[in-house]
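Here's the structure, in structure tokens; my notes come after.
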Amino acid sequence: MQLECTFIVLSKDPNTEVKNSDLQDTNRMIGDVNFYLNNTDNPHEAELEVMIAEQQYAGKGVATEVLHLMMQYAVNDIGVDDFVVRIKDTNNASIHIFENKLGFKETERAPVFKEVTLRRSVCDDLKASLNQWTSHANRIKYALE
């Protein structure tokens, strides 16, 4: 069995409170971030993905912020102990985020797939950092009205 968790990334005015009705505004969707629990040998390993599809938001820290939020949720709510990402070896921006912003380390290169694998184990320092990085965030219960 594979568990998948997806967060839709919405643009927002930082001076405006978000309401449930705003969460259904598809014009505000700028990307998504996902994790998959699909490693049968390690059910506490999450494979992460992030996509910021709207170019005007690229390079502005959005991917890093949503990854912090997703990782914090995965660790604290789901019990994830390890993270893995597989990135096209030409996607330098994503590799930079995971290595330099999130502390992932390269563990494998697959030339045939033109892919690099990066990993990060959860430790007390990472938990503390995730809680600090996400302390500004408020959870909003999503409910169809």
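Chain lettering (A, B, ...) mirrors the order of the structure tokens, residue numbering begins at 1 for each chain separately, and ligand numbering begins at 1 in order of display.
Taking only C-alpha atoms, the non-local environment of Phe83 of chain A within 10 Å (same-chain residues fewer than 4 positions away omitted) comprises Phe35, Tyr36, Leu37, His44, Glu45, Ala46, Glu47, Leu48, Met71, Ala74, Val75, Phe104, Leu118, Arg119, Arg120, Ser121 and Val122 of chain A.
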Residues from last step as file, N, CA, C and O atoms, as a short mmCIF file (atom, residue, chain, number, x, y, z; two decimals), in the first residue's frame:
```
data_model
loop_
_atom_site.label_atom_id
_atom_site.label_comp_id
_atom_site.auth_asym_id
_atom_site.auth_seq_id
_atom_site.Cartn_x
_atom_site.Cartn_y
_atom_site.Cartn_z
N PHE A 35 4.43 14.00 -0.70
CA PHE A 35 5.29 12.93 -0.24
C PHE A 35 4.57 11.61 -0.41
O PHE A 35 3.34 11.54 -0.42
N TYR A 36 5.38 10.58 -0.61
CA TYR A 36 4.88 9.23 -0.82
C TYR A 36 5.57 8.31 0.18
O TYR A 36 6.78 8.38 0.34
N LEU A 37 4.80 7.46 0.83
CA LEU A 37 5.35 6.39 1.66
C LEU A 37 5.25 5.13 0.82
O LEU A 37 4.24 4.44 0.82
N HIS A 44 8.76 4.16 7.05
CA HIS A 44 8.86 5.51 7.62
C HIS A 44 9.71 6.44 6.76
O HIS A 44 10.13 7.50 7.22
N GLU A 45 9.98 6.03 5.52
CA GLU A 45 10.71 6.86 4.57
C GLU A 45 9.71 7.54 3.63
O GLU A 45 8.86 6.88 3.05
N ALA A 46 9.84 8.84 3.49
CA ALA A 46 8.97 9.61 2.59
C ALA A 46 9.77 10.11 1.41
O ALA A 46 10.85 10.70 1.58
N GLU A 47 9.24 9.88 0.22
CA GLU A 47 9.83 10.44 -0.99
C GLU A 47 9.13 11.76 -1.28
O GLU A 47 7.91 11.81 -1.42
N LEU A 48 9.90 12.84 -1.33
CA LEU A 48 9.36 14.19 -1.53
C LEU A 48 9.42 14.61 -2.98
O LEU A 48 10.34 14.22 -3.71
N MET A 71 7.61 18.74 5.29
CA MET A 71 8.49 17.91 6.10
C MET A 71 8.07 17.94 7.57
O MET A 71 8.07 16.91 8.25
N ALA A 74 5.06 15.75 7.86
CA ALA A 74 5.43 14.34 7.71
C ALA A 74 6.09 13.80 8.98
O ALA A 74 5.79 12.69 9.42
N VAL A 75 6.97 14.59 9.58
CA VAL A 75 7.68 14.16 10.79
C VAL A 75 6.74 14.12 11.99
O VAL A 75 6.64 13.11 12.69
N PHE A 104 20.10 17.92 2.69
CA PHE A 104 20.13 16.60 2.09
C PHE A 104 21.53 16.33 1.53
O PHE A 104 22.24 17.26 1.16
N LEU A 118 19.00 12.13 -3.35
CA LEU A 118 19.46 12.82 -2.14
C LEU A 118 18.65 12.30 -0.96
O LEU A 118 17.46 12.00 -1.11
N ARG A 119 19.29 12.23 0.21
CA ARG A 119 18.60 11.72 1.40
C ARG A 119 18.88 12.60 2.61
O ARG A 119 19.92 13.25 2.69
N ARG A 120 17.94 12.54 3.55
CA ARG A 120 18.11 13.23 4.83
C ARG A 120 17.38 12.43 5.89
O ARG A 120 16.19 12.14 5.75
N SER A 121 18.08 12.04 6.94
CA SER A 121 17.46 11.35 8.08
C SER A 121 16.95 12.39 9.06
O SER A 121 17.53 13.47 9.21
N VAL A 122 15.89 12.04 9.73
CA VAL A 122 15.31 12.92 10.74
C VAL A 122 16.08 12.73 12.04
O VAL A 122 16.30 11.60 12.48
#
```
* Residue neighbourhood Ala93 of chain A, 10 Å, only C-alpha atoms, exclusion window fewer than 5 positions, as a list in words ->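 Neighbouring residues, sequence-local ones excluded: Ala58, Gly59 and Phe98 of chain A.
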* **Those in chain A with helix (DSSP H, G or I) from DSSP, as a PyMOL selection string** => chain A and resi 20-24+26-28+55-57+62-78+92-101+124-133
Selected residues written out with N, CA and C atoms, as a CSV table (one decimal), in the first residue's frame:
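Output file result.csv is given in full below:
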```
chain,number,residue,atom,x,y,z
A,20,ASN,N,-11.6,29.5,4.1
A,20,ASN,CA,-11.8,28.2,3.4
A,20,ASN,C,-12.2,28.5,2.0
A,21,SER,N,-13.0,29.5,1.7
A,21,SER,CA,-13.5,29.8,0.4
A,21,SER,C,-12.3,30.1,-0.6
A,22,ASP,N,-11.3,30.7,0.0
A,22,ASP,CA,-10.1,31.0,-0.8
A,22,ASP,C,-9.4,29.7,-1.3
A,23,LEU,N,-9.5,28.6,-0.6
A,23,LEU,CA,-8.8,27.4,-0.9
A,23,LEU,C,-9.4,26.7,-2.1
A,24,GLN,N,-10.6,27.1,-2.6
A,24,GLN,CA,-11.2,26.6,-3.8
A,24,GLN,C,-10.9,27.4,-5.0
A,26,THR,N,-9.1,28.2,-7.9
A,26,THR,CA,-8.0,27.6,-8.7
A,26,THR,C,-7.1,28.6,-9.4
A,27,ASN,N,-7.5,29.8,-9.4
A,27,ASN,CA,-6.6,30.9,-10.0
A,27,ASN,C,-5.4,31.2,-9.1
A,28,ARG,N,-5.5,30.8,-7.9
A,28,ARG,CA,-4.4,31.0,-6.9
A,28,ARG,C,-3.4,29.9,-6.9
A,55,GLN,N,6.0,30.5,-13.1
A,55,GLN,CA,7.4,31.1,-13.2
A,55,GLN,C,7.6,32.3,-12.3
A,56,GLN,N,6.6,33.2,-12.2
A,56,GLN,CA,6.8,34.4,-11.4
A,56,GLN,C,7.1,34.1,-9.9
A,57,TYR,N,6.8,32.9,-9.5
A,57,TYR,CA,7.1,32.5,-8.1
A,57,TYR,C,8.4,31.7,-7.9
A,62,VAL,N,9.6,30.1,-2.3
A,62,VAL,CA,8.3,29.4,-2.1
A,62,VAL,C,8.5,27.9,-2.0
A,63,ALA,N,9.3,27.3,-2.8
A,63,ALA,CA,9.6,25.8,-2.7
A,63,ALA,C,10.2,25.5,-1.4
A,64,THR,N,11.2,26.2,-0.9
A,64,THR,CA,11.8,25.9,0.3
A,64,THR,C,10.8,26.0,1.5
A,65,GLU,N,9.9,27.0,1.4
A,65,GLU,CA,8.9,27.2,2.5
A,65,GLU,C,7.9,26.0,2.5
A,66,VAL,N,7.4,25.7,1.3
A,66,VAL,CA,6.4,24.6,1.3
A,66,VAL,C,7.1,23.2,1.7
A,67,LEU,N,8.3,23.1,1.3
A,67,LEU,CA,9.0,21.8,1.7
A,67,LEU,C,9.2,21.8,3.3
A,68,HIS,N,9.5,22.9,3.9
A,68,HIS,CA,9.6,23.0,5.4
A,68,HIS,C,8.3,22.5,6.0
A,69,LEU,N,7.2,23.1,5.4
A,69,LEU,CA,5.9,22.8,6.0
A,69,LEU,C,5.5,21.3,5.8
A,70,MET,N,5.8,20.8,4.6
A,70,MET,CA,5.5,19.4,4.3
A,70,MET,C,6.3,18.4,5.2
A,71,MET,N,7.6,18.7,5.3
A,71,MET,CA,8.5,17.9,6.1
A,71,MET,C,8.1,17.9,7.6
A,72,GLN,N,7.7,19.1,8.1
A,72,GLN,CA,7.2,19.2,9.4
A,72,GLN,C,6.0,18.4,9.7
A,73,TYR,N,5.1,18.4,8.7
A,73,TYR,CA,3.9,17.6,8.8
A,73,TYR,C,4.2,16.1,8.8
A,74,ALA,N,5.1,15.8,7.9
A,74,ALA,CA,5.4,14.3,7.7
A,74,ALA,C,6.1,13.8,9.0
A,75,VAL,N,7.0,14.6,9.6
A,75,VAL,CA,7.7,14.2,10.8
A,75,VAL,C,6.7,14.1,12.0
A,76,ASN,N,6.0,15.2,12.2
A,76,ASN,CA,5.2,15.4,13.5
A,76,ASN,C,3.9,14.6,13.4
A,77,ASP,N,3.3,14.6,12.2
A,77,ASP,CA,1.9,14.0,12.2
A,77,ASP,C,1.9,12.5,11.6
A,78,ILE,N,2.9,12.2,10.8
A,78,ILE,CA,2.9,10.9,10.2
A,78,ILE,C,4.0,10.0,10.8
A,92,ASN,N,19.4,22.0,-11.4
A,92,ASN,CA,20.3,22.6,-10.4
A,92,ASN,C,19.6,23.4,-9.3
A,93,ALA,N,18.5,24.0,-9.7
A,93,ALA,CA,17.7,24.8,-8.7
A,93,ALA,C,17.2,23.9,-7.6
A,94,SER,N,16.6,22.8,-8.0
A,94,SER,CA,16.1,21.8,-7.0
A,94,SER,C,17.2,21.2,-6.2
A,95,ILE,N,18.2,20.8,-6.8
A,95,ILE,CA,19.3,20.2,-6.1
A,95,ILE,C,19.9,21.2,-5.1
A,96,HIS,N,20.0,22.4,-5.4
A,96,HIS,CA,20.5,23.5,-4.5
A,96,HIS,C,19.6,23.6,-3.3
A,97,ILE,N,18.3,23.6,-3.5
A,97,ILE,CA,17.3,23.7,-2.4
A,97,ILE,C,17.5,22.5,-1.4
A,98,PHE,N,17.5,21.3,-1.9
A,98,PHE,CA,17.6,20.2,-1.1
A,98,PHE,C,19.0,20.1,-0.4
A,99,GLU,N,20.1,20.4,-1.1
A,99,GLU,CA,21.4,20.3,-0.5
A,99,GLU,C,21.7,21.4,0.5
A,100,ASN,N,21.5,22.6,0.0
A,100,ASN,CA,21.9,23.8,0.7
A,100,ASN,C,20.9,24.4,1.7
A,101,LYS,N,19.6,24.2,1.4
A,101,LYS,CA,18.6,24.8,2.3
A,101,LYS,C,18.1,23.8,3.3
A,124,ASP,N,17.0,15.1,16.0
A,124,ASP,CA,16.5,16.1,16.9
A,124,ASP,C,16.7,17.5,16.3
A,125,ASP,N,17.9,17.7,15.7
A,125,ASP,CA,18.3,19.0,15.2
A,125,ASP,C,17.3,19.4,14.0
A,126,LEU,N,17.0,18.4,13.2
A,126,LEU,CA,16.1,18.7,12.1
A,126,LEU,C,14.7,19.0,12.6
A,127,LYS,N,14.2,18.2,13.6
A,127,LYS,CA,12.9,18.4,14.1
A,127,LYS,C,12.8,19.9,14.7
A,128,ALA,N,13.8,20.3,15.4
A,128,ALA,CA,13.8,21.6,16.0
A,128,ALA,C,13.9,22.7,14.9
A,129,SER,N,14.7,22.5,13.9
A,129,SER,CA,14.7,23.4,12.8
A,129,SER,C,13.4,23.5,12.1
A,130,LEU,N,12.8,22.4,11.8
A,130,LEU,CA,11.5,22.4,11.1
A,130,LEU,C,10.4,23.1,11.9
A,131,ASN,N,10.4,22.9,13.2
A,131,ASN,CA,9.5,23.6,14.1
A,131,ASN,C,9.7,25.1,14.1
A,132,GLN,N,11.0,25.5,14.1
A,132,GLN,CA,11.3,26.9,14.0
A,132,GLN,C,10.9,27.5,12.7
A,133,TRP,N,11.3,26.8,11.6
A,133,TRP,CA,11.0,27.3,10.3
A,133,TRP,C,9.5,27.5,10.0
```
* Structure fact -> Using only C-alpha atoms, the residue out of A:Glu106, A:Ser11, A:Pro111, A:Pro43 with shortest distance to Asp82 of chain A is A:Pro43
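Nearest residue to Thr117 of chain A among A:Lys60, A:Lys105, A:His136, A:Lys141 is A:Lys105, counting only C-alpha atoms.
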* What gap, in Å, lies between atom CA of Val9 of chain A and atom CA of Thr40 of chain A? ->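 Going from atom CA of Val9 of chain A over to atom CA of Thr40 of chain A, I get 28.5 Å.
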* To do: Among the residues of chain A, find those DSSP assigns to strand (DSSP E) from the backbone and print them as a PyMOL selection string.
  => chain A and resi 3-10+29-37+45-52+82-88+105-110+115-121
* To do: Considering only C-alpha atoms, state which residue in the set A:Leu3, A:Val116, A:Ala137, A:Ile30 is at the smallest distance from Glu54 of chain A.
  =>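 Among A:Leu3, A:Val116, A:Ala137, A:Ile30, it is A:Ile30 that comes nearest to Glu54 of chain A.
Checking A:Arg139, A:Thr134, A:Thr90, A:Met29 one by one against Glu115 of chain A, counting only C-alpha atoms, you find the shortest gap at A:Thr90.
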* Separation of atom CA of Phe7 of chain A from atom CA of Asn39 of chain A, in Å and rounded to one decimal ->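 Calculated distance between atom CA of Phe7 of chain A and atom CA of Asn39 of chain A is 20.5 Å.
Compared by their closest atoms to Glu4 of chain A, and using only C-alpha atoms, the residues A:Asn38, A:Arg86, A:Asp32, A:Arg109 rank with A:Asn38 nearest.
Atom CA of Val85 of chain A is found 14.8 Å from atom CA of Cys5 of chain A.
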